[in-house]
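**Student:** Below is the file query.txt, with compact mmCIF, C-alpha atoms and all ligand atoms.
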```
# COMPACT_ATOMS: atom_id res chain seq x y z
CA MET A 1 0.00 0.00 0.00
CA PRO A 2 1.33 3.46 -0.81
CA ASN A 3 2.26 5.42 2.26
CA THR A 4 -0.11 8.13 3.46
CA PHE A 5 2.09 10.05 5.90
CA THR A 6 1.69 13.28 3.92
CA GLU A 7 -2.04 13.49 4.60
CA ARG A 8 -1.43 14.97 8.05
CA LEU A 9 1.24 17.44 6.93
CA ASP A 10 1.03 20.96 5.58
CA LEU A 11 2.77 20.54 2.25
CA GLU A 12 1.91 24.09 1.16
CA ALA A 13 4.00 25.48 4.02
CA ILE A 14 6.98 23.38 2.92
CA ALA A 15 6.46 24.38 -0.72
CA GLU A 16 6.48 28.02 0.31
CA GLN A 17 9.94 27.56 1.82
CA VAL A 18 11.66 25.27 -0.66
CA GLY A 19 9.56 25.60 -3.83
CA THR A 20 8.30 22.70 -5.94
CA PRO A 21 9.03 20.01 -6.80
CA PHE A 22 10.59 18.61 -3.62
CA PHE A 23 11.16 15.24 -1.96
CA LEU A 24 9.77 14.75 1.53
CA TYR A 25 11.07 11.90 3.73
CA SER A 26 9.36 10.35 6.73
CA ALA A 27 11.82 9.16 9.39
CA GLN A 28 9.11 7.08 11.01
CA THR A 29 8.38 5.15 7.83
CA LEU A 30 12.06 4.45 7.29
CA ARG A 31 12.44 3.31 10.91
CA ASP A 32 9.45 0.99 10.56
CA ARG A 33 10.97 -0.67 7.50
CA ILE A 34 14.39 -0.96 9.16
CA GLN A 35 12.75 -2.66 12.15
CA ALA A 36 10.86 -5.04 9.87
CA VAL A 37 14.13 -6.12 8.26
CA LYS A 38 15.92 -6.35 11.60
CA GLN A 39 13.21 -8.70 12.85
CA ILE A 40 14.45 -11.33 10.39
CA THR A 41 18.12 -10.30 10.30
CA PRO A 42 18.99 -9.03 13.78
CA GLY A 43 22.77 -8.98 13.19
CA GLY A 44 25.49 -11.53 13.92
CA SER A 45 24.84 -14.70 11.95
CA LEU A 46 21.95 -13.05 10.08
CA GLN A 47 22.98 -9.63 8.82
CA ALA A 48 21.21 -7.06 6.63
CA ARG A 49 22.92 -4.51 4.47
CA TYR A 50 21.31 -1.46 2.89
CA ALA A 51 21.90 -1.25 -0.87
CA MET A 52 22.62 2.46 -0.66
CA LYS A 53 22.29 3.16 -4.37
CA ALA A 54 18.51 3.26 -3.76
CA CYS A 55 19.02 6.51 -1.81
CA SER A 56 22.41 7.70 -0.56
CA THR A 57 21.40 10.88 1.24
CA ARG A 58 23.51 11.30 4.35
CA ARG A 59 20.69 11.50 6.90
CA VAL A 60 19.20 8.29 5.51
CA LEU A 61 22.57 6.53 5.76
CA GLU A 62 23.00 7.72 9.34
CA GLU A 63 19.60 6.37 10.27
CA VAL A 64 20.55 3.01 8.76
CA ARG A 65 23.91 2.97 10.55
CA GLU A 66 22.39 3.65 13.95
CA SER A 67 20.19 0.60 13.50
CA GLY A 68 23.17 -1.74 13.00
CA VAL A 69 22.39 -2.51 9.37
CA TRP A 70 25.49 -2.63 7.13
CA ILE A 71 26.06 -1.25 3.62
CA ASP A 72 26.30 -2.52 0.08
CA ALA A 73 28.01 0.15 -2.04
CA VAL A 74 28.41 -0.01 -5.81
CA SER A 75 31.05 2.65 -6.52
CA GLY A 76 34.14 4.10 -4.93
CA ASN A 77 32.19 7.26 -4.15
CA GLU A 78 29.41 5.29 -2.49
CA VAL A 79 32.02 3.68 -0.23
CA LEU A 80 33.29 7.14 0.70
CA ARG A 81 29.76 8.48 1.25
CA ALA A 82 28.98 5.57 3.55
CA HIS A 83 32.15 6.33 5.49
CA GLN A 84 31.21 10.03 5.71
CA ALA A 85 27.92 8.88 7.26
CA GLY A 86 29.88 7.00 9.92
CA PHE A 87 30.21 3.44 8.61
CA PRO A 88 33.63 2.01 9.48
CA LEU A 89 36.12 1.09 6.76
CA GLY A 90 38.11 -2.13 6.63
CA ASN A 91 36.96 -5.71 6.43
CA ARG A 92 36.85 -6.72 10.13
CA PRO A 93 33.88 -6.63 10.17
CA PRO A 94 33.07 -5.84 6.52
CA ALA A 95 30.45 -3.18 7.37
CA ILE A 96 30.78 -1.84 3.83
CA LEU A 97 30.72 -4.30 0.94
CA PHE A 98 31.78 -2.86 -2.40
CA THR A 99 29.90 -4.69 -5.15
CA ALA A 100 31.28 -3.63 -8.53
CA ASP A 101 30.40 -4.54 -12.11
CA VAL A 102 33.43 -2.59 -13.33
CA PHE A 103 36.18 -0.76 -11.42
CA ARG A 104 36.04 2.82 -12.67
CA ASP A 105 37.20 6.22 -11.46
CA ASN A 106 38.57 5.91 -7.94
CA ALA A 107 37.23 2.37 -7.36
CA LEU A 108 40.54 0.49 -7.18
CA ALA A 109 42.22 3.28 -5.22
CA VAL A 110 39.36 3.24 -2.73
CA VAL A 111 39.63 -0.53 -2.30
CA GLN A 112 43.39 -0.20 -1.73
CA GLU A 113 43.14 2.69 0.69
CA THR A 114 40.09 1.66 2.71
CA SER A 115 40.36 -2.16 2.73
CA VAL A 116 36.61 -2.47 2.25
CA LEU A 117 35.65 -5.89 0.93
CA PRO A 118 35.52 -5.84 -2.89
CA ASN A 119 32.80 -8.04 -4.36
CA VAL A 120 33.93 -9.04 -7.82
CA GLY A 121 31.36 -9.15 -10.63
CA SER A 122 33.41 -10.50 -13.55
CA PRO A 123 36.41 -12.81 -13.85
CA GLY A 124 38.87 -10.19 -15.13
CA MET A 125 38.39 -8.08 -12.05
CA ILE A 126 40.64 -10.52 -10.16
CA ASP A 127 43.43 -9.39 -12.48
CA ASP A 128 42.47 -5.73 -11.94
CA LEU A 129 42.79 -6.15 -8.18
CA ALA A 130 46.05 -8.06 -8.44
CA ALA A 131 47.52 -5.49 -10.86
CA ALA A 132 46.58 -2.71 -8.43
CA GLY A 133 48.55 -4.54 -5.74
CA TYR A 134 45.50 -5.46 -3.66
CA GLN A 135 46.21 -8.22 -1.16
CA GLY A 136 43.14 -9.05 0.86
CA PRO A 137 39.87 -10.93 1.02
CA ILE A 138 37.30 -10.70 -1.75
CA GLY A 139 33.73 -11.65 -2.51
CA LEU A 140 32.53 -13.31 -5.71
CA ARG A 141 29.23 -12.23 -7.18
CA ILE A 142 27.75 -15.20 -9.00
CA ASN A 143 25.05 -15.30 -11.67
CA PRO A 144 23.39 -18.62 -10.79
CA GLY A 145 21.61 -18.86 -14.14
CA PHE A 146 18.16 -17.89 -12.88
CA GLY A 147 16.44 -14.87 -11.42
CA HIS A 148 13.83 -12.25 -11.92
CA GLY A 149 13.55 -8.47 -12.07
CA HIS A 150 10.40 -6.44 -11.43
CA VAL A 151 10.65 -5.53 -15.13
CA ARG A 152 12.77 -7.08 -17.87
CA GLU A 153 15.34 -4.25 -17.73
CA CYS A 154 15.98 -5.21 -14.13
CA ASP A 155 16.72 -8.91 -14.64
CA THR A 156 19.68 -9.55 -12.43
CA GLY A 157 20.07 -13.29 -12.83
CA GLY A 158 19.97 -15.62 -15.84
CA PRO A 159 21.65 -15.59 -19.25
CA SER A 160 20.44 -12.10 -20.19
CA SER A 161 21.84 -10.49 -17.05
CA LYS A 162 25.10 -8.53 -17.22
CA HIS A 163 25.64 -8.99 -13.51
CA GLY A 164 28.01 -11.35 -11.80
CA ILE A 165 30.20 -14.27 -12.81
CA TRP A 166 28.35 -16.90 -14.82
CA HIS A 167 28.11 -19.94 -12.56
CA GLU A 168 30.05 -22.13 -14.99
CA ASP A 169 32.96 -19.65 -14.78
CA ALA A 170 33.02 -19.63 -10.98
CA GLU A 171 35.56 -22.45 -10.76
CA ARG A 172 38.17 -20.82 -12.99
CA THR A 173 37.62 -17.50 -11.20
CA ARG A 174 38.13 -19.23 -7.87
CA LYS A 175 41.44 -20.64 -9.14
CA ALA A 176 42.51 -17.23 -10.47
CA ALA A 177 41.80 -15.68 -7.07
CA ALA A 178 43.79 -18.44 -5.35
CA ALA A 179 46.71 -17.87 -7.73
CA ALA A 180 46.58 -14.13 -6.97
CA GLY A 181 46.54 -14.85 -3.22
CA LEU A 182 43.07 -13.38 -2.69
CA PRO A 183 41.02 -15.44 -0.21
CA ILE A 184 37.32 -15.63 -1.04
CA THR A 185 35.44 -14.86 2.16
CA LEU A 186 32.05 -14.09 0.67
CA LEU A 187 29.87 -15.61 -2.02
CA HIS A 188 27.18 -13.31 -3.31
CA THR A 189 24.28 -13.17 -5.69
CA HIS A 190 21.59 -10.62 -6.36
CA ILE A 191 18.98 -11.99 -8.67
CA GLY A 192 16.41 -9.25 -8.44
CA SER A 193 12.92 -8.94 -7.12
CA GLY A 194 10.13 -10.93 -8.54
CA PRO A 195 6.96 -8.88 -8.57
CA GLN A 196 5.69 -11.18 -5.82
CA ILE A 197 7.27 -12.24 -2.54
CA GLU A 198 6.33 -15.88 -3.25
CA GLU A 199 8.55 -15.95 -6.31
CA PHE A 200 11.29 -14.15 -4.41
CA ASN A 201 11.16 -16.78 -1.66
CA ARG A 202 11.19 -19.62 -4.22
CA ASN A 203 14.32 -18.14 -5.79
CA MET A 204 15.88 -17.88 -2.34
CA SER A 205 15.32 -21.58 -1.65
CA ARG A 206 16.94 -22.49 -4.95
CA LEU A 207 19.91 -20.27 -4.06
CA VAL A 208 20.45 -22.03 -0.74
CA GLU A 209 20.82 -25.35 -2.56
CA PHE A 210 23.00 -23.72 -5.18
CA PHE A 211 25.43 -22.39 -2.57
CA GLU A 212 25.43 -25.62 -0.58
CA GLU A 213 26.88 -27.31 -3.65
CA MET A 214 29.55 -24.66 -4.15
CA LEU A 215 30.58 -24.31 -0.55
CA PRO A 216 33.14 -27.14 -0.12
CA ALA A 217 35.49 -25.53 -2.66
CA TYR A 218 35.69 -22.31 -0.61
CA PRO A 219 37.54 -22.99 2.66
CA ASP A 220 37.98 -19.28 3.53
CA LEU A 221 34.28 -18.58 3.31
CA GLU A 222 32.71 -16.50 6.10
CA ALA A 223 29.45 -15.31 4.59
CA ILE A 224 26.90 -15.86 1.87
CA ASN A 225 24.94 -12.87 0.64
CA PHE A 226 21.59 -13.45 -1.06
CA GLY A 227 21.29 -9.92 -2.45
CA GLY A 228 18.37 -7.55 -2.34
CA GLY A 229 15.13 -7.46 -4.21
CA ILE A 230 12.47 -7.67 -1.50
CA PRO A 231 9.49 -6.28 -3.39
CA HIS A 232 7.55 -3.20 -2.33
CA PRO A 233 3.84 -2.97 -3.19
CA TYR A 234 3.48 0.28 -5.14
CA GLN A 235 -0.18 -0.25 -6.11
CA PRO A 236 -3.02 0.68 -3.77
CA GLY A 237 -4.85 -2.37 -2.48
CA LYS A 238 -1.76 -4.56 -2.54
CA THR A 239 -0.96 -5.95 0.86
CA GLU A 240 2.25 -5.45 2.78
CA VAL A 241 4.93 -8.05 2.23
CA ASP A 242 5.13 -10.63 5.03
CA LEU A 243 8.82 -11.12 5.78
CA ALA A 244 8.35 -13.99 8.22
CA PRO A 245 8.73 -16.80 5.62
CA LEU A 246 11.92 -15.16 4.33
CA GLY A 247 13.17 -14.95 7.90
CA GLU A 248 12.61 -18.67 8.39
CA LEU A 249 14.29 -19.41 5.12
CA LEU A 250 17.37 -17.39 6.10
CA SER A 251 17.63 -19.01 9.54
CA SER A 252 17.45 -22.47 8.08
CA ALA A 253 19.95 -21.42 5.36
CA HIS A 254 22.34 -20.33 8.09
CA ALA A 255 21.94 -23.68 9.83
CA SER A 256 22.36 -25.85 6.74
CA LEU A 257 25.23 -23.83 5.21
CA SER A 258 27.07 -23.76 8.56
CA ALA A 259 26.59 -27.53 8.99
CA ARG A 260 27.95 -28.13 5.51
CA ALA A 261 30.95 -25.80 6.11
CA GLY A 262 31.70 -27.06 9.61
CA LYS A 263 31.75 -23.48 10.91
CA SER A 264 29.33 -20.61 11.22
CA ILE A 265 28.56 -19.03 7.86
CA ARG A 266 26.99 -15.58 8.17
CA VAL A 267 23.92 -15.15 5.98
CA GLU A 268 23.32 -11.69 4.53
CA ILE A 269 20.64 -9.92 2.53
CA GLU A 270 20.90 -6.43 1.05
CA PRO A 271 17.59 -4.83 0.16
CA GLY A 272 17.53 -1.28 -1.17
CA ARG A 273 14.02 -0.55 -2.35
CA TYR A 274 12.27 -2.25 0.56
CA PHE A 275 14.02 -0.03 3.11
CA ILE A 276 13.42 3.33 1.52
CA ALA A 277 10.70 3.23 -1.19
CA PRO A 278 7.72 4.25 0.98
CA SER A 279 9.77 6.69 3.09
CA ALA A 280 9.66 9.54 0.59
CA VAL A 281 7.21 11.25 -1.68
CA LEU A 282 7.82 13.66 -4.52
CA VAL A 283 5.59 16.72 -4.26
CA THR A 284 4.88 18.68 -7.42
CA ARG A 285 2.57 21.53 -8.41
CA VAL A 286 -0.02 21.50 -11.17
CA HIS A 287 0.84 24.48 -13.37
CA ASP A 288 -1.82 24.02 -16.00
CA LEU A 289 -4.51 21.77 -17.40
CA LYS A 290 -5.03 21.37 -21.11
CA SER A 291 -6.63 18.95 -23.55
CA THR A 292 -6.17 17.39 -26.93
CA ALA A 293 -9.06 16.07 -29.03
CA GLU A 294 -9.45 12.74 -30.78
CA ASN A 295 -8.51 12.62 -34.47
CA ASP A 296 -7.32 9.93 -36.92
CA LYS A 297 -4.05 9.55 -34.93
CA GLY A 298 -5.76 8.53 -31.74
CA PRO A 299 -7.88 9.54 -28.76
CA GLY A 300 -7.75 12.91 -27.04
CA HIS A 301 -6.46 13.39 -23.51
CA LYS A 302 -6.61 15.82 -20.65
CA PHE A 303 -3.10 16.75 -19.49
CA ALA A 304 -2.09 17.97 -16.06
CA MET A 305 1.18 19.85 -16.52
CA VAL A 306 3.31 19.58 -13.39
CA ASP A 307 6.75 20.92 -12.51
CA ALA A 308 8.37 17.55 -11.72
CA GLY A 309 9.87 15.70 -14.67
CA PHE A 310 11.62 12.42 -15.28
CA THR A 311 14.73 14.31 -14.24
CA ASP A 312 13.28 14.04 -10.71
CA LEU A 313 11.64 10.60 -10.89
CA VAL A 314 12.64 8.50 -13.86
CA ARG A 315 11.00 5.18 -13.01
CA PRO A 316 7.73 5.72 -14.91
CA ALA A 317 9.57 6.94 -18.03
CA MET A 318 12.27 4.29 -17.81
CA TYR A 319 10.32 1.21 -16.76
CA GLY A 320 6.65 2.21 -17.06
CA SER A 321 6.57 1.93 -13.26
CA TYR A 322 3.47 2.80 -11.28
CA HIS A 323 3.59 5.50 -8.63
CA HIS A 324 0.41 6.22 -6.75
CA ILE A 325 -0.64 9.86 -7.12
CA THR A 326 -2.90 11.83 -4.78
CA VAL A 327 -4.10 15.43 -4.82
CA HIS A 328 -2.96 16.98 -1.56
CA GLY A 329 -5.78 17.96 0.75
CA ARG A 330 -8.52 16.97 -1.71
CA SER A 331 -9.29 13.28 -1.56
CA ASP A 332 -13.00 13.52 -2.35
CA GLY A 333 -15.08 15.27 -4.98
CA ASP A 334 -15.56 14.45 -8.65
CA ARG A 335 -12.88 12.47 -10.32
CA GLU A 336 -11.50 12.67 -13.82
CA ALA A 337 -8.91 10.80 -15.87
CA VAL A 338 -5.79 12.83 -16.63
CA VAL A 339 -2.36 12.26 -18.08
CA VAL A 340 0.20 13.73 -15.68
CA ALA A 341 3.10 15.21 -17.62
CA GLY A 342 6.22 17.16 -16.71
CA PRO A 343 8.13 20.23 -17.92
CA LEU A 344 10.82 18.56 -20.01
CA CYS A 345 11.16 19.03 -23.75
CA GLU A 346 10.71 15.31 -24.31
CA SER A 347 7.44 13.61 -25.12
CA GLY A 348 8.35 10.74 -22.80
CA ASP A 349 8.08 13.04 -19.81
CA VAL A 350 4.85 11.46 -18.60
CA PHE A 351 4.25 9.87 -15.20
CA THR A 352 1.09 7.94 -16.01
CA ARG A 353 2.04 5.08 -18.27
CA ASP A 354 1.38 1.40 -18.48
CA GLU A 355 4.04 -1.29 -18.60
CA ARG A 356 4.27 -1.05 -22.39
CA GLU A 357 4.98 2.64 -21.91
CA PHE A 358 1.71 3.84 -23.47
CA LEU A 359 -0.17 6.74 -21.93
CA GLU A 360 -2.47 5.59 -19.19
CA PRO A 361 -4.69 8.37 -17.88
CA ARG A 362 -5.17 8.26 -14.12
CA GLU A 363 -8.43 8.86 -12.24
CA LEU A 364 -7.71 11.73 -9.84
CA THR A 365 -9.82 14.19 -7.92
CA LYS A 366 -10.73 16.87 -10.47
CA LEU A 367 -7.66 19.09 -10.65
CA ARG A 368 -7.30 22.84 -10.46
CA ARG A 369 -4.28 24.94 -11.36
CA GLY A 370 -2.05 25.27 -8.31
CA ASP A 371 -2.95 21.92 -6.75
CA LEU A 372 -0.14 19.93 -5.18
CA LEU A 373 0.23 16.35 -6.38
CA VAL A 374 1.97 13.73 -4.27
CA PHE A 375 3.84 10.93 -6.03
CA HIS A 376 4.03 8.22 -3.41
CA ASP A 377 6.79 5.67 -2.76
CA ALA A 378 9.44 7.84 -4.43
CA GLY A 379 12.19 7.11 -1.90
CA ALA A 380 13.95 4.33 -3.80
CA TYR A 381 15.64 5.20 -7.09
CA GLY A 382 14.02 8.65 -6.87
CA VAL A 383 16.42 11.49 -6.17
CA GLN A 384 19.25 9.04 -6.71
CA MET A 385 18.44 8.61 -10.40
CA SER A 386 17.70 12.28 -11.02
CA SER A 387 19.65 14.12 -13.70
CA TYR A 388 20.58 17.53 -15.10
CA TYR A 389 18.68 17.04 -18.35
CA ASN A 390 17.17 20.33 -19.56
CA SER A 391 19.55 22.01 -17.08
CA LEU A 392 17.03 21.76 -14.29
CA GLY A 393 18.76 21.36 -10.94
CA ARG A 394 17.94 18.42 -8.74
CA ALA A 395 14.98 18.91 -6.41
CA PRO A 396 15.57 19.62 -2.71
CA GLN A 397 15.06 16.94 -0.06
CA VAL A 398 13.22 17.58 3.21
CA TRP A 399 13.39 15.27 6.22
CA HIS A 400 10.54 14.97 8.70
CA ASP A 401 10.93 13.45 12.17
CA GLU A 402 9.81 14.12 15.72
CA GLU A 403 11.97 17.24 15.80
CA GLY A 404 10.26 18.81 12.81
CA PHE A 405 11.44 19.44 9.27
CA HIS A 406 14.99 19.75 7.97
CA LEU A 407 16.32 20.57 4.54
CA MET A 408 18.75 17.76 3.61
CA SER A 409 19.78 19.08 0.20
CA ARG A 410 19.17 22.43 -1.48
CA ARG A 411 17.54 22.87 -4.84
CA GLU A 412 20.40 22.97 -7.29
CA ALA A 413 21.08 26.24 -9.01
CA LEU A 414 22.84 27.03 -12.28
CA GLU A 415 26.22 27.21 -10.51
CA ASP A 416 25.78 23.63 -9.25
CA ILE A 417 24.90 22.36 -12.70
CA THR A 418 27.87 24.04 -14.40
CA SER A 419 30.39 23.71 -11.56
CA ASN A 420 32.47 21.06 -13.33
CA GLU A 421 32.63 22.82 -16.70
CA CYS A 422 36.04 24.02 -17.79
CA PHE A 423 38.17 24.61 -20.83
CA GLU A 424 41.66 23.43 -20.00
CA PRO A 425 44.41 22.40 -22.41
CA LEU A 426 45.31 18.71 -22.27
CA ALA A 427 49.03 18.12 -22.33
CA LEU A 428 49.24 15.27 -24.84
C1 LIG B 501 20.50 -2.67 -6.54
C2 LIG B 501 21.10 -3.72 -5.74
C3 LIG B 501 20.47 -4.22 -4.61
C4 LIG B 501 19.13 -3.74 -4.13
O1 LIG B 501 18.08 -4.07 -4.96
P1 LIG B 501 16.60 -3.73 -4.49
O2 LIG B 501 15.74 -4.25 -5.58
O3 LIG B 501 16.52 -2.24 -4.38
O4 LIG B 501 16.37 -4.38 -3.20
C5 LIG B 501 21.12 -5.19 -3.88
N1 LIG B 501 22.32 -5.66 -4.25
C6 LIG B 501 22.96 -5.20 -5.33
C7 LIG B 501 24.30 -5.74 -5.68
C8 LIG B 501 22.38 -4.22 -6.13
O5 LIG B 501 23.03 -3.78 -7.21
```
Kindly return the structure encoded in the file as structure tokens.
**Tutor:**
Amino acid sequence: MPNTFTERLDLEAIAEQVGTPFFLYSAQTLRDRIQAVKQITPGGSLQARYAMKACSTRRVLEEVRESGVWIDAVSGNEVLRAHQAGFPLGNRPPAILFTADVFRDNALAVVQETSVLPNVGSPGMIDDLAAAGYQGPIGLRINPGFGHGHVRECDTGGPSSKHGIWHEDAERTRKAAAAAGLPITLLHTHIGSGPQIEEFNRNMSRLVEFFEEMLPAYPDLEAINFGGGIPHPYQPGKTEVDLAPLGELLSSAHASLSARAGKSIRVEIEPGRYFIAPSAVLVTRVHDLKSTAENDKGPGHKFAMVDAGFTDLVRPAMYGSYHHITVHGRSDGDREAVVVAGPLCESGDVFTRDEREFLEPRELTKLRRGDLLVFHDAGAYGVQMSSYYNSLGRAPQVWHDEEGFHLMSRREALEDITSNECFEPLAL
């Protein structure tokens, strides 16, 4: 169910201070989700990480850290941001795992300097680490040959996935790591969320068997990480995910994997979306309403023109994802089907689409110019995937907790957008 925490809040007062669009975070909602995950992974032999790419804002990371949840980072800069938010570096314990598809920018330097545990996603990365002089433990991210994303673009396991080491290449990668003197302390996979928790749990059971088979060849193993992908119900009327069966599955995985290894094997999961999706909304203003009329090209539509674009929330444009939309302060009254579209010079800048990316008008309370719309469940892959397209700055982020409201990031101005531009001679 989409979160309704904004119903009790005065969004107009916030808009007056920070303008629109803006992201608004609910500390309480985040804390509730963290507690739900901690129920099944309290720490120790069952450990949760937060896949911080879902939302890396400092206050969010601090909240996660205080709860004892660890981090999965996917770039050198994410490792450094996690550290800035107070997560310890080093691999004893490996509070920050660095899962990389490719080592770019500062990635190898960060691994060298911080000793965070690198989790290797393709065979050649063993050579990259060895060439950089890295001497330490590593993780191997395996593609077990099956998996599921919430949409096809998000498939993270199986032959069409770019992620991880194909399971049939695991053995030669293991030997390469041994030859390079890099002990493998973690086996990892992240095969994506099925749209349903039942499918997710089925995949998890298959993974336990998969890793039980692999385990004897990895004497240095300390942990197995089953990735993220706990689904979040974005549609109204969908029930909350029950994590209890997953909890049982993880406990029994810990028992069976430890029995097979003859020592305790820590079991990890690393959800991103589940932690943060419902904790933020994107608030946007309706600037105008206009219509087109049916002709030989197709049906006419009523358009609500809002000031948020796919530069702020790309999921509908990129995946045809559903975000629940409400009209702030006006839940009853006549309803009408509208297409909600943004300010960008790009016809794809539409928030109401179906999975095939066609326009899908949404029934909303009859809109007026100046209304505030709330896009719910915008916390995961929201601000984090925003861009500078059309030279619009990224929207500000506001945090709400028992102490009131805090601005966590300013609206970006022209200077922010152009701050890295230069014209310097290259000495070639
Ligand atoms: C993105 C990602 C996750 C989190 O996925 P969610 O669907 O947000 O839970 C976990 N692990 C890795 C390696 C990832 O890249």
**Student:** Which residues come within 12 Å of Asp242 of chain A, counting all atoms listed in the file, excluding same-chain residues fewer than 3 positions away, as a list in words?
**Tutor:**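 Neighbouring residues, sequence-local ones excluded: Arg33, Ala36, Val37, Gln39, Ile40, Gln196, Ile197, Glu198, Phe200, Asn201, Ile230, Pro231, His232, Pro233, Lys238, Thr239, Pro245, Leu246, Gly247, Glu248 and Tyr274 of chain A.
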**Student:** Which is closer to Phe22 of chain A than all the others in A:Ala395, A:Val64, A:Met385, A:Leu215, using all atoms listed in the file?
**Tutor:**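 Nearest candidate to Phe22 of chain A out of A:Ala395, A:Val64, A:Met385, A:Leu215: A:Ala395.
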**Student:** Which residue gives the smallest distance to Val281 of chain A among A:Leu24, A:Leu359, A:Ala109, A:Leu372, with only C-alpha atoms counted?
**Tutor:**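 Among the listed residues, the smallest separation from Val281 of chain A belongs to A:Leu24.
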**Student:** Nearest residue to ligand LIG 501 (chain B) out of A:Arg273, A:Arg65, A:Arg104, A:Arg58, using all atoms listed in the file?
**Tutor:**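 The shortest atom-to-atom distance to ligand LIG 501 (chain B) comes from A:Arg273.
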**Student:** Could you tell me how far atom CA of Ser56 of chain A sits from atom CA of Leu221 of chain A, in Å to one decimal place?
**Tutor:**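 One can read the atom CA of Leu221 of chain A to atom CA of Ser56 of chain A distance as 29.1 Å.
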**Student:** Compile the contact shell of Ile34 of chain A as a short mmCIF file (atom, residue, chain, number, x, y, z; two decimals) with C-alpha atoms, keeping the file's coordinate frame: residues with an atom at most 12 Å away, counting all atoms listed in the file, same-chain residues fewer than 5 positions apart removed.
**Tutor:**
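Output file around_35.cif follows:
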```
data_model
loop_
_atom_site.label_atom_id
_atom_site.label_comp_id
_atom_site.auth_asym_id
_atom_site.auth_seq_id
_atom_site.Cartn_x
_atom_site.Cartn_y
_atom_site.Cartn_z
CA ALA A 27 11.82 9.16 9.39
CA GLN A 28 9.11 7.08 11.01
CA THR A 29 8.38 5.15 7.83
CA GLN A 39 13.21 -8.70 12.85
CA ILE A 40 14.45 -11.33 10.39
CA THR A 41 18.12 -10.30 10.30
CA PRO A 42 18.99 -9.03 13.78
CA ALA A 48 21.21 -7.06 6.63
CA ARG A 49 22.92 -4.51 4.47
CA TYR A 50 21.31 -1.46 2.89
CA VAL A 60 19.20 8.29 5.51
CA LEU A 61 22.57 6.53 5.76
CA GLU A 63 19.60 6.37 10.27
CA VAL A 64 20.55 3.01 8.76
CA ARG A 65 23.91 2.97 10.55
CA GLU A 66 22.39 3.65 13.95
CA SER A 67 20.19 0.60 13.50
CA GLY A 68 23.17 -1.74 13.00
CA VAL A 69 22.39 -2.51 9.37
CA TRP A 70 25.49 -2.63 7.13
CA GLU A 270 20.90 -6.43 1.05
CA PRO A 271 17.59 -4.83 0.16
CA GLY A 272 17.53 -1.28 -1.17
CA ARG A 273 14.02 -0.55 -2.35
CA TYR A 274 12.27 -2.25 0.56
CA PHE A 275 14.02 -0.03 3.11
CA ILE A 276 13.42 3.33 1.52
CA ALA A 277 10.70 3.23 -1.19
CA PRO A 278 7.72 4.25 0.98
CA SER A 279 9.77 6.69 3.09
#
```
**Student:** For atom CA of Leu428 of chain A and atom CA of Gln112 of chain A, quote the distance in Å rounded to one decimal.
**Tutor:**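 If I compute the distance from atom CA of Leu428 of chain A to atom CA of Gln112 of chain A, I get 28.4 Å.
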**Student:** Neighbouring residues of Leu89 of chain A were defined as those with any atom within 8 Å, considering all atoms listed in the file; residues of the same chain fewer than 6 positions away were excluded. Please report them as a PyMOL selection string.
**Tutor:** chain A and resi 83+95-96+114-116
**Student:** Please produce an output containing C-alpha atoms for each residue in the selection, written as a short mmCIF file (atom, residue, chain, number, x, y, z; two decimals), in the coordinates of the input.
**Tutor:**
```cif
data_model
loop_
_atom_site.label_atom_id
_atom_site.label_comp_id
_atom_site.auth_asym_id
_atom_site.auth_seq_id
_atom_site.Cartn_x
_atom_site.Cartn_y
_atom_site.Cartn_z
CA HIS A 83 32.15 6.33 5.49
CA ALA A 95 30.45 -3.18 7.37
CA ILE A 96 30.78 -1.84 3.83
CA THR A 114 40.09 1.66 2.71
CA SER A 115 40.36 -2.16 2.73
CA VAL A 116 36.61 -2.47 2.25
#
```
**Student:** What do you get as JSON, numbers by chain if you pick all residues at most 9 Å from ligand LIG 501 (chain B), counting all atoms listed in the file?
**Tutor:** {"A": [49, 50, 51, 52, 53, 54, 72, 73, 74, 98, 99, 100, 101, 119, 141, 149, 150, 154, 156, 163, 188, 189, 190, 191, 192, 193, 226, 227, 228, 229, 230, 231, 232, 269, 270, 271, 272, 273, 274, 275, 276, 277, 380, 381]}
**Student:** For segment 297-299 of chain A, list every protein, DNA or RNA residue within 12 Å, evaluated using all atoms listed in the file, and leave out those in the same chain fewer than 6 positions away; present the list as a PyMOL selection string.
**Tutor:** chain A and resi 291+359-361
**Student:** Write out, as a short mmCIF file (atom, residue, chain, number, x, y, z; two decimals), in the frame of the given file, the residues just selected, with C-alpha atoms.
**Tutor:**
```cif
data_model
loop_
_atom_site.label_atom_id
_atom_site.label_comp_id
_atom_site.auth_asym_id
_atom_site.auth_seq_id
_atom_site.Cartn_x
_atom_site.Cartn_y
_atom_site.Cartn_z
CA SER A 291 -6.63 18.95 -23.55
CA LEU A 359 -0.17 6.74 -21.93
CA GLU A 360 -2.47 5.59 -19.19
CA PRO A 361 -4.69 8.37 -17.88
#
```
**Student:** Between atom CA of Asp371 of chain A and atom CA of Glu403 of chain A, what is the distance, to one decimal in Å?
**Tutor:** 27.4 Å
**Student:** Ranking A:Leu367, A:Ala255, A:Leu97, A:Leu282 by minimum distance to Gly329 of chain A and counting all atoms listed in the file, which one comes first?
**Tutor:**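 Residue with the minimum atom-to-atom distance to Gly329 of chain A: A:Leu367.
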